[in-house]
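Asks: my_file.cif is the file, holding mmCIF, C-alpha atoms:
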```cif
data_run
#
loop_
_atom_site.group_PDB
_atom_site.id
_atom_site.type_symbol
_atom_site.label_atom_id
_atom_site.label_comp_id
_atom_site.auth_asym_id
_atom_site.auth_seq_id
_atom_site.Cartn_x
_atom_site.Cartn_y
_atom_site.Cartn_z
ATOM 1 C CA HIS A 1 95.067 37.237 45.446
ATOM 2 C CA ASP A 2 93.930 40.715 44.507
ATOM 3 C CA ILE A 3 96.053 43.244 46.405
ATOM 4 C CA ARG A 4 92.977 45.445 46.914
ATOM 5 C CA ALA A 5 91.208 42.648 48.782
ATOM 6 C CA GLN A 6 93.994 42.727 51.368
ATOM 7 C CA LYS A 7 93.114 46.348 52.142
ATOM 8 C CA ILE A 8 89.764 45.327 53.624
ATOM 9 C CA GLY A 9 89.250 43.389 56.840
ATOM 10 C CA PHE A 10 86.037 41.873 58.193
ATOM 11 C CA ILE A 11 84.985 40.770 61.643
ATOM 12 C CA LEU A 12 81.453 39.414 61.511
ATOM 13 C CA GLN A 13 78.982 38.274 64.158
ATOM 14 C CA GLU A 14 79.290 34.734 62.825
ATOM 15 C CA PRO A 15 82.747 34.669 61.249
ATOM 16 C CA PHE A 16 83.841 31.983 58.854
ATOM 17 C CA VAL A 17 86.706 29.714 59.809
ATOM 18 C CA PHE A 18 88.399 27.254 57.505
ATOM 19 C CA SER A 19 89.317 23.649 58.211
ATOM 20 C CA GLY A 20 92.873 23.750 59.448
ATOM 21 C CA THR A 21 94.854 25.274 62.290
ATOM 22 C CA ILE A 22 94.462 28.691 63.849
ATOM 23 C CA GLN A 23 97.778 29.602 62.212
ATOM 24 C CA GLU A 24 96.390 28.770 58.762
ATOM 25 C CA ASN A 25 93.188 30.648 59.538
ATOM 26 C CA ILE A 26 94.776 33.876 60.709
ATOM 27 C CA LEU A 27 97.256 33.957 57.826
ATOM 28 C CA TYR A 28 94.647 33.152 55.159
ATOM 29 C CA GLY A 29 94.818 35.611 52.268
ATOM 30 C CA ASN A 30 97.620 37.631 53.863
ATOM 31 C CA ASN A 31 100.465 37.756 51.365
ATOM 32 C CA ASP A 32 102.666 39.789 53.748
ATOM 33 C CA TYR A 33 103.098 36.837 56.103
ATOM 34 C CA LYS A 34 102.582 33.920 53.730
ATOM 35 C CA GLY A 35 104.932 31.103 54.704
ATOM 36 C CA PHE A 36 105.671 32.440 58.189
ATOM 37 C CA SER A 37 106.856 29.773 60.615
ATOM 38 C CA GLU A 38 105.099 29.294 63.937
ATOM 39 C CA LYS A 39 107.969 31.098 65.683
ATOM 40 C CA GLN A 40 107.812 34.064 63.281
ATOM 41 C CA LEU A 41 104.036 34.277 63.678
ATOM 42 C CA ILE A 42 104.284 34.250 67.483
ATOM 43 C CA GLN A 43 106.729 37.176 67.282
ATOM 44 C CA LEU A 44 104.265 38.993 65.027
ATOM 45 C CA LEU A 45 101.359 38.296 67.392
ATOM 46 C CA LYS A 46 103.439 39.641 70.303
ATOM 47 C CA LYS A 47 104.246 42.784 68.302
ATOM 48 C CA HIS A 48 100.510 43.395 67.783
ATOM 49 C CA ASP A 49 99.588 42.474 71.407
ATOM 50 C CA LEU A 50 97.495 39.515 70.229
ATOM 51 C CA MET A 51 99.025 36.811 72.433
ATOM 52 C CA GLU A 52 96.316 37.188 75.079
ATOM 53 C CA LEU A 53 93.774 36.205 72.421
ATOM 54 C CA LEU A 54 95.861 33.255 71.229
ATOM 55 C CA ASP A 55 96.260 32.025 74.812
ATOM 56 C CA ARG A 56 92.497 31.329 74.885
ATOM 57 C CA PHE A 57 93.008 28.313 72.606
ATOM 58 C CA PRO A 58 94.155 24.969 74.062
ATOM 59 C CA GLN A 59 96.906 24.229 71.521
ATOM 60 C CA GLY A 60 97.650 27.828 70.527
ATOM 61 C CA LEU A 61 98.415 28.210 66.815
ATOM 62 C CA ARG A 62 98.113 24.433 66.380
ATOM 63 C CA THR A 63 94.494 24.329 67.578
ATOM 64 C CA HIS A 64 92.550 22.613 64.812
ATOM 65 C CA LEU A 65 89.387 24.246 63.512
ATOM 66 C CA SER A 66 86.552 22.703 61.599
ATOM 67 C CA PRO A 67 83.514 24.696 60.401
ATOM 68 C CA GLU A 68 81.351 21.565 60.479
ATOM 69 C CA LEU A 69 82.287 20.234 63.921
ATOM 70 C CA ASP A 70 82.091 23.325 66.155
ATOM 71 C CA THR A 71 85.551 22.643 67.575
ATOM 72 C CA ILE A 72 85.575 26.153 69.087
ATOM 73 C CA SER A 73 82.872 28.504 70.383
ATOM 74 C CA LEU A 74 81.350 31.335 68.362
ATOM 75 C CA GLY A 75 83.217 33.813 70.567
ATOM 76 C CA GLN A 76 86.504 32.038 69.795
ATOM 77 C CA ARG A 77 85.681 32.201 66.071
ATOM 78 C CA GLN A 78 85.354 35.958 66.470
ATOM 79 C CA LEU A 79 88.790 36.049 68.114
ATOM 80 C CA VAL A 80 90.281 34.160 65.141
ATOM 81 C CA ALA A 81 88.636 36.640 62.745
ATOM 82 C CA PHE A 82 89.917 39.491 64.889
ATOM 83 C CA MET A 83 93.532 38.236 64.773
ATOM 84 C CA ARG A 84 93.225 37.702 61.002
ATOM 85 C CA ALA A 85 91.926 41.244 60.483
ATOM 86 C CA VAL A 86 94.454 42.973 62.761
ATOM 87 C CA LEU A 87 97.404 41.248 61.071
ATOM 88 C CA ARG A 88 96.186 42.572 57.709
ATOM 89 C CA GLN A 89 96.463 46.171 58.965
ATOM 90 C CA PRO A 90 93.609 47.010 56.568
ATOM 91 C CA ASP A 91 92.674 50.411 55.199
ATOM 92 C CA ILE A 92 89.012 49.581 55.913
ATOM 93 C CA LEU A 93 87.842 47.317 58.733
ATOM 94 C CA ILE A 94 84.173 46.318 58.802
ATOM 95 C CA LEU A 95 82.904 45.115 62.169
ATOM 96 C CA ASP A 96 79.388 43.688 62.005
ATOM 97 C CA GLU A 97 78.247 42.929 65.559
ATOM 98 C CA ALA A 98 81.851 41.808 66.019
ATOM 99 C CA THR A 99 81.642 41.535 69.811
ATOM 100 C CA ALA A 100 78.134 40.082 70.082
ATOM 101 C CA ASN A 101 79.364 36.695 71.353
ATOM 102 C CA ILE A 102 82.202 37.964 73.511
ATOM 103 C CA ASP A 103 82.208 38.796 77.223
ATOM 104 C CA THR A 104 82.655 42.388 78.428
ATOM 105 C CA VAL A 105 86.278 41.934 79.553
ATOM 106 C CA THR A 106 87.289 40.535 76.146
ATOM 107 C CA GLU A 107 85.304 43.284 74.419
ATOM 108 C CA GLN A 108 87.384 45.892 76.304
ATOM 109 C CA LEU A 109 90.589 44.098 75.256
ATOM 110 C CA LEU A 110 89.471 44.076 71.621
ATOM 111 C CA GLU A 111 88.606 47.787 71.781
ATOM 112 C CA THR A 112 92.102 48.525 73.103
ATOM 113 C CA LEU A 113 93.633 46.491 70.270
ATOM 114 C CA LEU A 114 91.475 48.266 67.672
ATOM 115 C CA GLU A 115 92.746 51.607 68.944
ATOM 116 C CA LYS A 116 96.281 50.437 68.064
ATOM 117 C CA LEU A 117 95.408 49.953 64.380
ATOM 118 C CA PRO A 118 97.074 52.441 62.046
ATOM 119 C CA LYS A 119 95.379 55.854 61.877
ATOM 120 C CA LYS A 120 94.730 55.192 58.172
ATOM 121 C CA THR A 121 92.331 52.370 59.082
ATOM 122 C CA THR A 122 88.713 53.410 58.669
ATOM 123 C CA ARG A 123 86.438 51.374 60.924
ATOM 124 C CA VAL A 124 82.843 50.771 59.891
ATOM 125 C CA ILE A 125 81.031 49.452 62.958
ATOM 126 C CA ILE A 126 77.584 47.921 62.679
ATOM 127 C CA ALA A 127 76.065 47.506 66.127
ATOM 128 C CA HIS A 128 72.884 47.466 68.169
ATOM 129 C CA ARG A 129 74.534 48.376 71.472
ATOM 130 C CA LEU A 130 75.507 52.043 71.723
ATOM 131 C CA ASN A 131 78.507 51.359 73.970
ATOM 132 C CA THR A 132 80.090 49.544 70.996
ATOM 133 C CA ILE A 133 80.178 52.817 69.035
ATOM 134 C CA LYS A 134 80.853 55.277 71.861
ATOM 135 C CA ASN A 135 84.108 56.516 70.282
ATOM 136 C CA ALA A 136 82.795 56.814 66.715
ATOM 137 C CA ASP A 137 83.474 59.989 64.740
ATOM 138 C CA HIS A 138 80.190 59.711 62.833
ATOM 139 C CA ILE A 139 77.090 57.743 63.797
ATOM 140 C CA PHE A 140 74.222 56.831 61.495
ATOM 141 C CA PHE A 141 70.971 55.105 62.399
ATOM 142 C CA ILE A 142 69.172 52.865 59.957
ATOM 143 C CA ASN A 143 65.474 53.052 60.602
ATOM 144 C CA ASN A 144 62.607 51.995 58.333
ATOM 145 C CA ALA A 145 65.026 51.574 55.406
ATOM 146 C CA ARG A 146 66.295 55.144 55.875
ATOM 147 C CA ILE A 147 69.791 56.239 56.851
ATOM 148 C CA VAL A 148 69.646 59.006 59.451
ATOM 149 C CA PRO A 149 72.878 60.883 60.289
ATOM 150 C CA ALA A 150 73.162 61.150 64.070
ATOM 151 C CA GLY A 151 76.542 62.920 64.388
ATOM 152 C CA SER A 152 78.465 62.333 67.614
ATOM 153 C CA MET A 153 77.515 60.026 70.484
ATOM 154 C CA GLU A 154 75.996 62.976 72.354
ATOM 155 C CA ASP A 155 73.937 63.900 69.271
ATOM 156 C CA ALA A 156 72.879 60.263 68.807
ATOM 157 C CA LEU A 157 71.679 59.994 72.415
ATOM 158 C CA HIS A 158 69.760 63.273 72.022
ATOM 159 C CA LEU A 159 68.144 61.964 68.823
ATOM 160 C CA LEU A 160 67.147 58.722 70.570
ATOM 161 C CA MET A 161 65.569 60.630 73.449
ATOM 162 C CA GLN A 162 63.564 62.742 70.970
ATOM 163 C CA GLU A 163 62.347 59.593 69.223
ATOM 164 C CA LYS A 164 61.290 58.034 72.550
ATOM 165 C CA ARG A 165 59.340 61.143 73.521
ATOM 166 C CA GLY A 166 57.664 61.202 70.096
ATOM 167 C CA SER A 167 56.507 57.572 70.205
#
```
Render the structure in this file as structure tokens.

Replies:
Amino acid sequence: HDIRAQKIGFILQEPFVFSGTIQENILYGNNDYKGFSEKQLIQLLKKHDLMELLDRFPQGLRTHLSPELDTISLGQRQLVAFMRAVLRQPDILILDEATANIDTVTEQLLETLLEKLPKKTTRVIIAHRLNTIKNADHIFFINNARIVPAGSMEDALHLLMQEKRGS
């Protein structure tokens, strides 16, 4: 594996899971924890406050996943991708509608966990709902194939109100 690839994490609206267990899925491509036992991985998940996510699966780390058979919901797939990304401690984390299939309570939990990522982690959040990006340092709108800098959340809301008045 290319070491640079480990520096980037992805959580997509429709994340990919591999045939195998949740343990195999969340450790995929992570050389830091390659070969971890179930016990070691549980300790690691506790350290990163991810056990509440794992508890949402019937057999925990041993829950079997299959991309073809829909053995888990789309929201659960996002949780697997989330655990995989957080354990990487990436320099760049790309979230593309990462909470679209998750309830509000779980979304709040995920936001709390994202805040615990190292300060070096740059988050690129692609979202339609403004509450998903409320804490962003810089907001950009993509409109008619143009990228429009919107600044802070306050600036973005002001820009949206101007656009509504102009239409």

Asks: Smallest atom-to-atom distance to Leu50 (chain A): which of A:Ala145, A:Ile125, A:Ile8, A:Val86, using all atoms listed in the file?

Replies: A:Val86

Asks: Expand the PyMOL selection byres ((chain A and resi 100) around 12) into the individual residues it matches in the shown file, reporting them as number ranges by chain.

Replies: A: 11-15, 74-79, 95-99, 101-104, 106-107, 126-129, 131-132

Asks: Show me, as AutoDock Vina command-line options, the centre and edge lengths in Å to one decimal of the axis-aligned box that covers every listed atom of region 18-33 of chain A with 3 Å on each side.

Replies:
```
--center_x 95.7 --center_y 31.7 --center_z 57.6 --size_x 20.7 --size_y 22.1 --size_z 18.5
```

Asks: Find the spatial neighbours of Lys7 (chain A), counting all atoms listed in the file, within a cut-off of 7 Å - ignore same-chain residues fewer than 6 positions away - and output them as a compact mmCIF listing (two decimals) with C-alpha atoms, keeping the file's coordinate frame.

Replies:
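Contents of the output file result19.txt:
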```
# COMPACT_ATOMS: atom_id res chain seq x y z
CA PRO A 90 93.61 47.01 56.57
CA ASP A 91 92.67 50.41 55.20
CA ILE A 92 89.01 49.58 55.91
```

Asks: When the PyMOL selection byres ((chain A and resi 116) around 12) is applied to the file above, which residues end up in the set, as a PyMOL selection string?

Replies: chain A and resi 47-50+86-87+89+109-115+117-121

Asks: N, CA and C atoms are needed for region 121-151 of chain A; please write them out as a PDB file, in the frame of the given file.

Replies:
```pdb
ATOM      1  N   THR A 121      93.400  53.367  59.104  1.00  0.00           N
ATOM      2  CA  THR A 121      92.331  52.370  59.082  1.00  0.00           C
ATOM      3  C   THR A 121      90.986  53.016  59.409  1.00  0.00           C
ATOM      4  N   THR A 122      90.082  52.944  58.455  1.00  0.00           N
ATOM      5  CA  THR A 122      88.713  53.410  58.669  1.00  0.00           C
ATOM      6  C   THR A 122      87.908  52.239  59.191  1.00  0.00           C
ATOM      7  N   ARG A 123      87.254  52.431  60.338  1.00  0.00           N
ATOM      8  CA  ARG A 123      86.438  51.374  60.924  1.00  0.00           C
ATOM      9  C   ARG A 123      84.961  51.662  60.657  1.00  0.00           C
ATOM     10  N   VAL A 124      84.280  50.696  60.087  1.00  0.00           N
ATOM     11  CA  VAL A 124      82.843  50.771  59.891  1.00  0.00           C
ATOM     12  C   VAL A 124      82.250  49.774  60.880  1.00  0.00           C
ATOM     13  N   ILE A 125      81.543  50.299  61.881  1.00  0.00           N
ATOM     14  CA  ILE A 125      81.031  49.452  62.958  1.00  0.00           C
ATOM     15  C   ILE A 125      79.515  49.379  62.860  1.00  0.00           C
ATOM     16  N   ILE A 126      79.019  48.171  62.722  1.00  0.00           N
ATOM     17  CA  ILE A 126      77.584  47.921  62.679  1.00  0.00           C
ATOM     18  C   ILE A 126      77.226  47.300  64.019  1.00  0.00           C
ATOM     19  N   ALA A 127      76.342  47.971  64.777  1.00  0.00           N
ATOM     20  CA  ALA A 127      76.065  47.506  66.127  1.00  0.00           C
ATOM     21  C   ALA A 127      74.676  47.909  66.587  1.00  0.00           C
ATOM     22  N   HIS A 128      74.144  47.127  67.518  1.00  0.00           N
ATOM     23  CA  HIS A 128      72.884  47.466  68.169  1.00  0.00           C
ATOM     24  C   HIS A 128      73.134  48.164  69.496  1.00  0.00           C
ATOM     25  N   ARG A 129      74.219  47.784  70.172  1.00  0.00           N
ATOM     26  CA  ARG A 129      74.534  48.376  71.472  1.00  0.00           C
ATOM     27  C   ARG A 129      75.333  49.658  71.279  1.00  0.00           C
ATOM     28  N   LEU A 130      74.853  50.747  71.891  1.00  0.00           N
ATOM     29  CA  LEU A 130      75.507  52.043  71.723  1.00  0.00           C
ATOM     30  C   LEU A 130      76.913  52.078  72.316  1.00  0.00           C
ATOM     31  N   ASN A 131      77.167  51.322  73.392  1.00  0.00           N
ATOM     32  CA  ASN A 131      78.507  51.359  73.970  1.00  0.00           C
ATOM     33  C   ASN A 131      79.565  50.848  72.993  1.00  0.00           C
ATOM     34  N   THR A 132      79.159  50.063  72.006  1.00  0.00           N
ATOM     35  CA  THR A 132      80.090  49.544  70.996  1.00  0.00           C
ATOM     36  C   THR A 132      80.604  50.663  70.093  1.00  0.00           C
ATOM     37  N   ILE A 133      79.817  51.732  69.959  1.00  0.00           N
ATOM     38  CA  ILE A 133      80.178  52.817  69.035  1.00  0.00           C
ATOM     39  C   ILE A 133      80.458  54.129  69.758  1.00  0.00           C
ATOM     40  N   LYS A 134      80.707  54.060  71.058  1.00  0.00           N
ATOM     41  CA  LYS A 134      80.853  55.277  71.861  1.00  0.00           C
ATOM     42  C   LYS A 134      81.967  56.205  71.383  1.00  0.00           C
ATOM     43  N   ASN A 135      82.995  55.682  70.737  1.00  0.00           N
ATOM     44  CA  ASN A 135      84.108  56.516  70.282  1.00  0.00           C
ATOM     45  C   ASN A 135      84.054  56.846  68.794  1.00  0.00           C
ATOM     46  N   ALA A 136      82.921  56.593  68.164  1.00  0.00           N
ATOM     47  CA  ALA A 136      82.795  56.814  66.715  1.00  0.00           C
ATOM     48  C   ALA A 136      82.842  58.303  66.373  1.00  0.00           C
ATOM     49  N   ASP A 137      83.445  58.616  65.235  1.00  0.00           N
ATOM     50  CA  ASP A 137      83.474  59.989  64.740  1.00  0.00           C
ATOM     51  C   ASP A 137      82.125  60.387  64.156  1.00  0.00           C
ATOM     52  N   HIS A 138      81.477  59.456  63.472  1.00  0.00           N
ATOM     53  CA  HIS A 138      80.190  59.711  62.833  1.00  0.00           C
ATOM     54  C   HIS A 138      79.280  58.516  63.079  1.00  0.00           C
ATOM     55  N   ILE A 139      78.057  58.797  63.524  1.00  0.00           N
ATOM     56  CA  ILE A 139      77.090  57.743  63.797  1.00  0.00           C
ATOM     57  C   ILE A 139      75.890  57.938  62.880  1.00  0.00           C
ATOM     58  N   PHE A 140      75.414  56.822  62.331  1.00  0.00           N
ATOM     59  CA  PHE A 140      74.222  56.831  61.495  1.00  0.00           C
ATOM     60  C   PHE A 140      73.268  55.776  62.028  1.00  0.00           C
ATOM     61  N   PHE A 141      71.985  56.087  62.050  1.00  0.00           N
ATOM     62  CA  PHE A 141      70.971  55.105  62.399  1.00  0.00           C
ATOM     63  C   PHE A 141      70.309  54.643  61.115  1.00  0.00           C
ATOM     64  N   ILE A 142      69.974  53.371  61.066  1.00  0.00           N
ATOM     65  CA  ILE A 142      69.172  52.865  59.957  1.00  0.00           C
ATOM     66  C   ILE A 142      67.821  52.527  60.553  1.00  0.00           C
ATOM     67  N   ASN A 143      66.798  53.207  60.041  1.00  0.00           N
ATOM     68  CA  ASN A 143      65.474  53.052  60.602  1.00  0.00           C
ATOM     69  C   ASN A 143      64.449  53.099  59.471  1.00  0.00           C
ATOM     70  N   ASN A 144      63.623  52.072  59.397  1.00  0.00           N
ATOM     71  CA  ASN A 144      62.607  51.995  58.333  1.00  0.00           C
ATOM     72  C   ASN A 144      63.210  52.206  56.948  1.00  0.00           C
ATOM     73  N   ALA A 145      64.321  51.535  56.695  1.00  0.00           N
ATOM     74  CA  ALA A 145      65.026  51.574  55.406  1.00  0.00           C
ATOM     75  C   ALA A 145      65.571  52.962  55.072  1.00  0.00           C
ATOM     76  N   ARG A 146      65.703  53.820  56.081  1.00  0.00           N
ATOM     77  CA  ARG A 146      66.295  55.144  55.875  1.00  0.00           C
ATOM     78  C   ARG A 146      67.574  55.257  56.688  1.00  0.00           C
ATOM     79  N   ILE A 147      68.552  55.972  56.129  1.00  0.00           N
ATOM     80  CA  ILE A 147      69.791  56.239  56.851  1.00  0.00           C
ATOM     81  C   ILE A 147      69.676  57.644  57.430  1.00  0.00           C
ATOM     82  N   VAL A 148      69.794  57.730  58.757  1.00  0.00           N
ATOM     83  CA  VAL A 148      69.646  59.006  59.451  1.00  0.00           C
ATOM     84  C   VAL A 148      70.975  59.368  60.100  1.00  0.00           C
ATOM     85  N   PRO A 149      71.632  60.453  59.642  1.00  0.00           N
ATOM     86  CA  PRO A 149      72.878  60.883  60.289  1.00  0.00           C
ATOM     87  C   PRO A 149      72.591  61.311  61.730  1.00  0.00           C
ATOM     88  N   ALA A 150      73.378  60.821  62.661  1.00  0.00           N
ATOM     89  CA  ALA A 150      73.162  61.150  64.070  1.00  0.00           C
ATOM     90  C   ALA A 150      74.320  61.946  64.647  1.00  0.00           C
ATOM     91  N   GLY A 151      75.414  62.125  63.896  1.00  0.00           N
ATOM     92  CA  GLY A 151      76.542  62.920  64.388  1.00  0.00           C
ATOM     93  C   GLY A 151      77.368  62.194  65.424  1.00  0.00           C
TER      94      GLY A 151
END
```
